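K.L.:
Got a structure for you, written out below as structure tokens; questions coming shortly.
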Amino acid sequence: MIDKKHIGMKLPVYQTKAEAGQLRFFAQSIGETNPIYLDVSAARDAGHPDLPLPPTFLFSLEFQIPSSAWRDELGIDTSRILHGEESFTYHRMAYAGDTLQFETHISDIYDKKAGALSFVVRQSRVSNQRGEHVADLRSILVHKNA
Amino acid sequence: MNTPSFASLQIGDSLPALQLPPITRTTLALFAGASGDHNRIHIDIDYARKAGAVDVFAHGMLSMAYLGRLLTQWVDQRQLRSFGVRFTGITHLGHQITCHGKVVEKFEENGEQRVKLEIETRNQYGDTKIVGDAVVAL
């Protein structure tokens, strides 16, 4: 079981840049056909300053946090985890070239099925290079203990 | 894009569905690279078998990205206020996913007219794989 003492744990603040090439690759990999996600001139014609990050891409940026030390500290075995839930609350758009800062903490840990499963809830506040609040992410990981 | 109007939408109205091609190993390899999720359970059959799965299976976030396309083909992403899902089933190789959504609530919040949508993915056998909701401003 994942120890509840880790509730409240803060992960290191993490900054990363959204790259246009990665956004195009992501759009292609999900079969995107809307040109605003693939072609910067189409994005600009639609009133965007650059290629927009599609709705779930912030998760990909968060996932690339360089340190996995928090997983080790919680005792998470990556072969035993499933993604339970994911949600986004949006405050403003993010675009290629933006530097995004992730402030992440473990907001809850609980068990189900007599301890066979642990649930780890992680929340991230995302802001841009101007300090504006972009979005909040909430992820639930399910860890199979048995 | 013909933005739907708040006044004309009714509870129960459906969004135009989004039909995806069958999931292949290539789909998963490309999504692993593009999304940065290199978890071997989605790309390496030997690893998947050792972990007790019969084969590799799709990333949950791939299906969530498909649901994102369902939403952004219906409204401009700048109108999307929230988007959340629960991963209730595994999407396997060969599954043909269709994304569905319908209006379940109309309300005003923060000075905006908003609608709440229920969204889900289903495979070709009608099994629901992901359920969730989204709020858009209209």
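To be explicit about the labels: the chains of the structure tokens are called A, B, and onward in the order shown, and within each one the residues are counted from 1, while ligands get numbers from 1 in the order they are shown.
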Could you pull out the residues in stretch 1-120 of chain B that DSSP calls strand (DSSP E) from the backbone, as a ChimeraX atom specification?
P.N.:
/B:18-19,80-87,98-109,112-120
K.L.:
Neighbours of stretch 69-74 of chain A within 10 Å (only C-alpha atoms; same-chain residues fewer than 4 positions away dropped), as JSON, numbers by chain?
P.N.:
{"A": [1, 2, 3, 4, 5, 6, 7, 9, 10, 11, 12, 78, 105, 106, 120]}
K.L.:
Pick out the residues sitting within 9 Å of stretch 120-128 of chain B, and hand them over as a ChimeraX atom specification; count only C-alpha atoms, and ignore anything fewer than 4 positions along from it in its own chain.
P.N.:
/B:63-64,66-67,85,88-89,91,95-101,132-133
K.L.:
With N, CA and C atoms retained, could you export that selection as a PDB file, in the first residue's frame?
P.N.:
ATOM      1  N   SER B  63      -6.897   7.911 -26.157  1.00  0.00           N
ATOM      2  CA  SER B  63      -8.356   8.039 -26.287  1.00  0.00           C
ATOM      3  C   SER B  63      -8.837   9.388 -25.786  1.00  0.00           C
ATOM      4  N   MET B  64      -8.183   9.906 -24.727  1.00  0.00           N
ATOM      5  CA  MET B  64      -8.593  11.225 -24.254  1.00  0.00           C
ATOM      6  C   MET B  64      -8.271  12.293 -25.301  1.00  0.00           C
ATOM      7  N   TYR B  66      -8.353  11.760 -28.500  1.00  0.00           N
ATOM      8  CA  TYR B  66      -9.424  11.628 -29.496  1.00  0.00           C
ATOM      9  C   TYR B  66     -10.676  12.380 -29.021  1.00  0.00           C
ATOM     10  N   LEU B  67     -10.983  12.258 -27.730  1.00  0.00           N
ATOM     11  CA  LEU B  67     -12.139  13.002 -27.201  1.00  0.00           C
ATOM     12  C   LEU B  67     -11.898  14.514 -27.300  1.00  0.00           C
ATOM     13  N   VAL B  85     -11.999  12.855 -17.595  1.00  0.00           N
ATOM     14  CA  VAL B  85     -12.440  11.494 -17.929  1.00  0.00           C
ATOM     15  C   VAL B  85     -12.041  10.499 -16.849  1.00  0.00           C
ATOM     16  N   THR B  88     -12.287   3.567 -17.908  1.00  0.00           N
ATOM     17  CA  THR B  88     -13.053   2.460 -17.334  1.00  0.00           C
ATOM     18  C   THR B  88     -12.762   1.123 -18.001  1.00  0.00           C
ATOM     19  N   GLY B  89     -12.147   1.134 -19.164  1.00  0.00           N
ATOM     20  CA  GLY B  89     -11.849  -0.117 -19.863  1.00  0.00           C
ATOM     21  C   GLY B  89     -10.586   0.031 -20.679  1.00  0.00           C
ATOM     22  N   THR B  91      -8.489  -0.177 -24.078  1.00  0.00           N
ATOM     23  CA  THR B  91      -8.642  -0.107 -25.534  1.00  0.00           C
ATOM     24  C   THR B  91      -7.528  -0.947 -26.151  1.00  0.00           C
ATOM     25  N   HIS B  95      -9.245  -2.277 -31.951  1.00  0.00           N
ATOM     26  CA  HIS B  95     -10.474  -1.576 -31.590  1.00  0.00           C
ATOM     27  C   HIS B  95     -10.651  -0.343 -32.477  1.00  0.00           C
ATOM     28  N   GLN B  96     -11.877  -0.194 -32.953  1.00  0.00           N
ATOM     29  CA  GLN B  96     -12.236   1.005 -33.721  1.00  0.00           C
ATOM     30  C   GLN B  96     -13.041   1.894 -32.800  1.00  0.00           C
ATOM     31  N   ILE B  97     -12.410   2.974 -32.416  1.00  0.00           N
ATOM     32  CA  ILE B  97     -13.012   3.863 -31.419  1.00  0.00           C
ATOM     33  C   ILE B  97     -13.884   4.912 -32.103  1.00  0.00           C
ATOM     34  N   THR B  98     -15.039   5.114 -31.521  1.00  0.00           N
ATOM     35  CA  THR B  98     -15.878   6.249 -31.908  1.00  0.00           C
ATOM     36  C   THR B  98     -16.092   7.111 -30.668  1.00  0.00           C
ATOM     37  N   CYS B  99     -15.944   8.416 -30.839  1.00  0.00           N
ATOM     38  CA  CYS B  99     -16.151   9.358 -29.742  1.00  0.00           C
ATOM     39  C   CYS B  99     -17.552   9.950 -29.853  1.00  0.00           C
ATOM     40  N   HIS B 100     -18.227   9.968 -28.712  1.00  0.00           N
ATOM     41  CA  HIS B 100     -19.599  10.475 -28.657  1.00  0.00           C
ATOM     42  C   HIS B 100     -19.713  11.551 -27.586  1.00  0.00           C
ATOM     43  N   GLY B 101     -20.656  12.459 -27.796  1.00  0.00           N
ATOM     44  CA  GLY B 101     -20.921  13.462 -26.770  1.00  0.00           C
ATOM     45  C   GLY B 101     -22.349  13.944 -26.876  1.00  0.00           C
ATOM     46  N   GLY B 132     -16.628  10.634 -19.482  1.00  0.00           N
ATOM     47  CA  GLY B 132     -16.208  11.872 -18.858  1.00  0.00           C
ATOM     48  C   GLY B 132     -17.183  12.990 -19.138  1.00  0.00           C
ATOM     49  N   ASP B 133     -16.736  14.192 -18.845  1.00  0.00           N
ATOM     50  CA  ASP B 133     -17.569  15.355 -19.143  1.00  0.00           C
ATOM     51  C   ASP B 133     -16.700  16.538 -19.508  1.00  0.00           C
TER      52      ASP B 133
END
K.L.:
Within 9 Å of chain B, which residues of chain A show up? Give each one with its shortest atom-to-atom distance in Å (one decimal) and the two atoms involved, counting only C-alpha atoms, rows by chain then rising residue number, as CSV.
P.N.:
residue,atom,partner,partner_atom,distance
A:Gln22,CA,B:Ala34,CA,6.5
A:Leu23,CA,B:Ala34,CA,7.9
A:Arg24,CA,B:Ala34,CA,8.7
A:Phe25,CA,B:Ala34,CA,5.5
A:Phe26,CA,B:Ala34,CA,4.6
A:Ala27,CA,B:Ala34,CA,8.3
A:Gln28,CA,B:Ala34,CA,8.6
A:Ser29,CA,B:Phe31,CA,5.3
A:Ile30,CA,B:Tyr66,CA,6.6
A:Gly31,CA,B:Leu20,CA,8.2
A:Glu32,CA,B:Arg69,CA,7.2
A:Asn34,CA,B:Gln73,CA,7.6
A:Pro52,CA,B:Gln77,CA,8.8
A:Pro54,CA,B:Gly68,CA,7.4
A:Pro55,CA,B:Gly68,CA,5.8
A:Thr56,CA,B:Ala65,CA,5.9
A:Phe57,CA,B:Ser35,CA,7.6
A:Phe59,CA,B:Ser35,CA,8.5
A:Ser60,CA,B:Ser35,CA,5.3
A:Leu61,CA,B:Gly36,CA,7.9
A:Phe63,CA,B:Gly36,CA,7.0
A:Gln64,CA,B:Gly36,CA,6.5
A:Thr78,CA,B:Asn39,CA,8.2
A:Ser79,CA,B:Ala51,CA,6.6
A:Arg80,CA,B:Ala51,CA,8.1
A:Leu82,CA,B:Phe87,CA,8.9
A:His83,CA,B:Phe87,CA,6.8
A:Gly84,CA,B:Phe87,CA,5.4
A:Glu85,CA,B:Arg86,CA,4.4
A:Glu86,CA,B:Val85,CA,5.5
A:Ser87,CA,B:Gly84,CA,3.7
A:Phe88,CA,B:Phe83,CA,5.3
A:Thr89,CA,B:Ser82,CA,4.3
A:Tyr90,CA,B:Arg81,CA,5.1
A:His91,CA,B:Arg81,CA,7.1
A:Arg92,CA,B:Arg78,CA,7.5
A:Met93,CA,B:Arg78,CA,6.7
A:Arg138,CA,B:Gly84,CA,8.8
K.L.:
In Å to one decimal, how far is atom CA of B:Phe57 from atom CA of B:Leu93?
P.N.:
6.1 Å
K.L.:
So which residues of stretch 1-132 of chain B fall under helix (DSSP H, G or I) by DSSP, listed as a PyMOL selection string?
P.N.:
chain B and resi 25-35+40-42+45-50+60-72+77-79
K.L.:
Can I get the selected residues back with N, CA and C atoms, as a CSV table (one decimal), in the first residue's frame?
P.N.:
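Okay, this is what ended up in result_24.csv:
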chain,number,residue,atom,x,y,z
B,25,ARG,N,-0.3,-1.2,-33.9
B,25,ARG,CA,0.9,-1.0,-33.2
B,25,ARG,C,1.6,0.3,-33.6
B,26,THR,N,1.5,0.6,-34.9
B,26,THR,CA,2.0,1.9,-35.3
B,26,THR,C,1.4,3.1,-34.6
B,27,THR,N,0.1,3.0,-34.5
B,27,THR,CA,-0.6,4.1,-33.8
B,27,THR,C,0.0,4.3,-32.4
B,28,LEU,N,0.3,3.2,-31.7
B,28,LEU,CA,0.8,3.3,-30.3
B,28,LEU,C,2.2,3.7,-30.3
B,29,ALA,N,3.0,3.2,-31.3
B,29,ALA,CA,4.4,3.6,-31.3
B,29,ALA,C,4.5,5.2,-31.6
B,30,LEU,N,3.7,5.6,-32.5
B,30,LEU,CA,3.8,7.1,-32.8
B,30,LEU,C,3.3,7.9,-31.7
B,31,PHE,N,2.2,7.4,-31.0
B,31,PHE,CA,1.7,8.2,-29.9
B,31,PHE,C,2.6,8.2,-28.7
B,32,ALA,N,3.4,7.1,-28.5
B,32,ALA,CA,4.4,7.0,-27.5
B,32,ALA,C,5.4,8.1,-27.7
B,33,GLY,N,5.9,8.2,-28.9
B,33,GLY,CA,6.9,9.2,-29.2
B,33,GLY,C,6.4,10.6,-29.1
B,34,ALA,N,5.2,10.8,-29.7
B,34,ALA,CA,4.6,12.2,-29.7
B,34,ALA,C,4.2,12.7,-28.4
B,35,SER,N,3.7,11.8,-27.6
B,35,SER,CA,3.1,12.2,-26.3
B,35,SER,C,4.1,12.2,-25.2
B,40,ARG,N,6.5,1.0,-21.5
B,40,ARG,CA,6.7,-0.2,-22.4
B,40,ARG,C,5.4,-1.0,-22.5
B,41,ILE,N,4.5,-0.9,-21.6
B,41,ILE,CA,3.2,-1.7,-21.7
B,41,ILE,C,2.5,-1.4,-23.0
B,42,HIS,N,2.7,-0.2,-23.6
B,42,HIS,CA,2.0,0.2,-24.8
B,42,HIS,C,2.8,-0.1,-26.1
B,45,ILE,N,5.6,-5.9,-26.7
B,45,ILE,CA,4.8,-7.1,-26.4
B,45,ILE,C,5.5,-8.0,-25.3
B,46,ASP,N,6.8,-8.1,-25.4
B,46,ASP,CA,7.5,-9.0,-24.4
B,46,ASP,C,7.3,-8.5,-23.0
B,47,TYR,N,7.4,-7.2,-22.9
B,47,TYR,CA,7.2,-6.5,-21.6
B,47,TYR,C,5.8,-6.7,-21.1
B,48,ALA,N,4.8,-6.4,-22.1
B,48,ALA,CA,3.4,-6.5,-21.7
B,48,ALA,C,3.0,-7.9,-21.2
B,49,ARG,N,3.6,-9.0,-21.8
B,49,ARG,CA,3.3,-10.3,-21.4
B,49,ARG,C,3.9,-10.6,-20.0
B,50,LYS,N,5.1,-10.1,-19.8
B,50,LYS,CA,5.7,-10.3,-18.4
B,50,LYS,C,4.8,-9.6,-17.4
B,60,GLY,N,-4.3,5.4,-22.3
B,60,GLY,CA,-5.6,6.0,-22.0
B,60,GLY,C,-5.6,7.4,-22.6
B,61,MET,N,-4.4,8.1,-22.5
B,61,MET,CA,-4.4,9.5,-23.0
B,61,MET,C,-4.5,9.6,-24.5
B,62,LEU,N,-4.3,8.5,-25.2
B,62,LEU,CA,-4.6,8.5,-26.7
B,62,LEU,C,-6.1,8.7,-26.9
B,63,SER,N,-6.9,7.9,-26.2
B,63,SER,CA,-8.4,8.0,-26.3
B,63,SER,C,-8.8,9.4,-25.8
B,64,MET,N,-8.2,9.9,-24.7
B,64,MET,CA,-8.6,11.2,-24.3
B,64,MET,C,-8.3,12.3,-25.3
B,65,ALA,N,-7.2,12.1,-26.0
B,65,ALA,CA,-6.8,13.1,-27.1
B,65,ALA,C,-7.9,13.0,-28.2
B,66,TYR,N,-8.4,11.8,-28.5
B,66,TYR,CA,-9.4,11.6,-29.5
B,66,TYR,C,-10.7,12.4,-29.0
B,67,LEU,N,-11.0,12.3,-27.7
B,67,LEU,CA,-12.1,13.0,-27.2
B,67,LEU,C,-11.9,14.5,-27.3
B,68,GLY,N,-10.6,14.9,-27.1
B,68,GLY,CA,-10.3,16.3,-27.3
B,68,GLY,C,-10.6,16.8,-28.7
B,69,ARG,N,-10.3,15.9,-29.7
B,69,ARG,CA,-10.7,16.2,-31.1
B,69,ARG,C,-12.2,16.3,-31.3
B,70,LEU,N,-12.9,15.4,-30.6
B,70,LEU,CA,-14.4,15.5,-30.7
B,70,LEU,C,-14.9,16.9,-30.3
B,71,LEU,N,-14.3,17.4,-29.2
B,71,LEU,CA,-14.7,18.7,-28.6
B,71,LEU,C,-14.3,19.8,-29.6
B,72,THR,N,-13.0,19.8,-30.0
B,72,THR,CA,-12.5,21.0,-30.8
B,72,THR,C,-13.0,20.9,-32.3
B,77,GLN,N,-11.4,25.7,-29.4
B,77,GLN,CA,-10.8,25.3,-28.1
B,77,GLN,C,-10.8,26.5,-27.1
B,78,ARG,N,-10.8,27.7,-27.5
B,78,ARG,CA,-10.8,28.8,-26.6
B,78,ARG,C,-12.1,28.9,-25.8
B,79,GLN,N,-13.1,28.1,-26.2
B,79,GLN,CA,-14.4,28.0,-25.5
B,79,GLN,C,-14.4,26.9,-24.5
K.L.:
Please list as a list in words every residue within 8 Å of B:Gly12, counting only C-alpha atoms and excluding residues in the same chain fewer than 3 positions away.
P.N.:
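So the residues in contact are Lys102, Val103 and Val104 of chain B.
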K.L.:
Find the distance between atom CA of A:His143 and atom CA of B:Ala58 and write it in Å to one decimal.
P.N.:
18.1 Å
K.L.:
If you measure from atom CA of A:Ile65 to atom CA of A:Gln15, what distance in Å do you get, rounded to one decimal?
P.N.:
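Here the two named atoms are 8.5 Å from each other.
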K.L.:
Name the closest residue to A:Pro49 among the candidates A:Glu62, A:Asp111, A:Asp136, A:Asp98; distances are taken between atoms, counting only C-alpha atoms.
P.N.:
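That would be A:Asp98, the residue with the smallest distance to A:Pro49.
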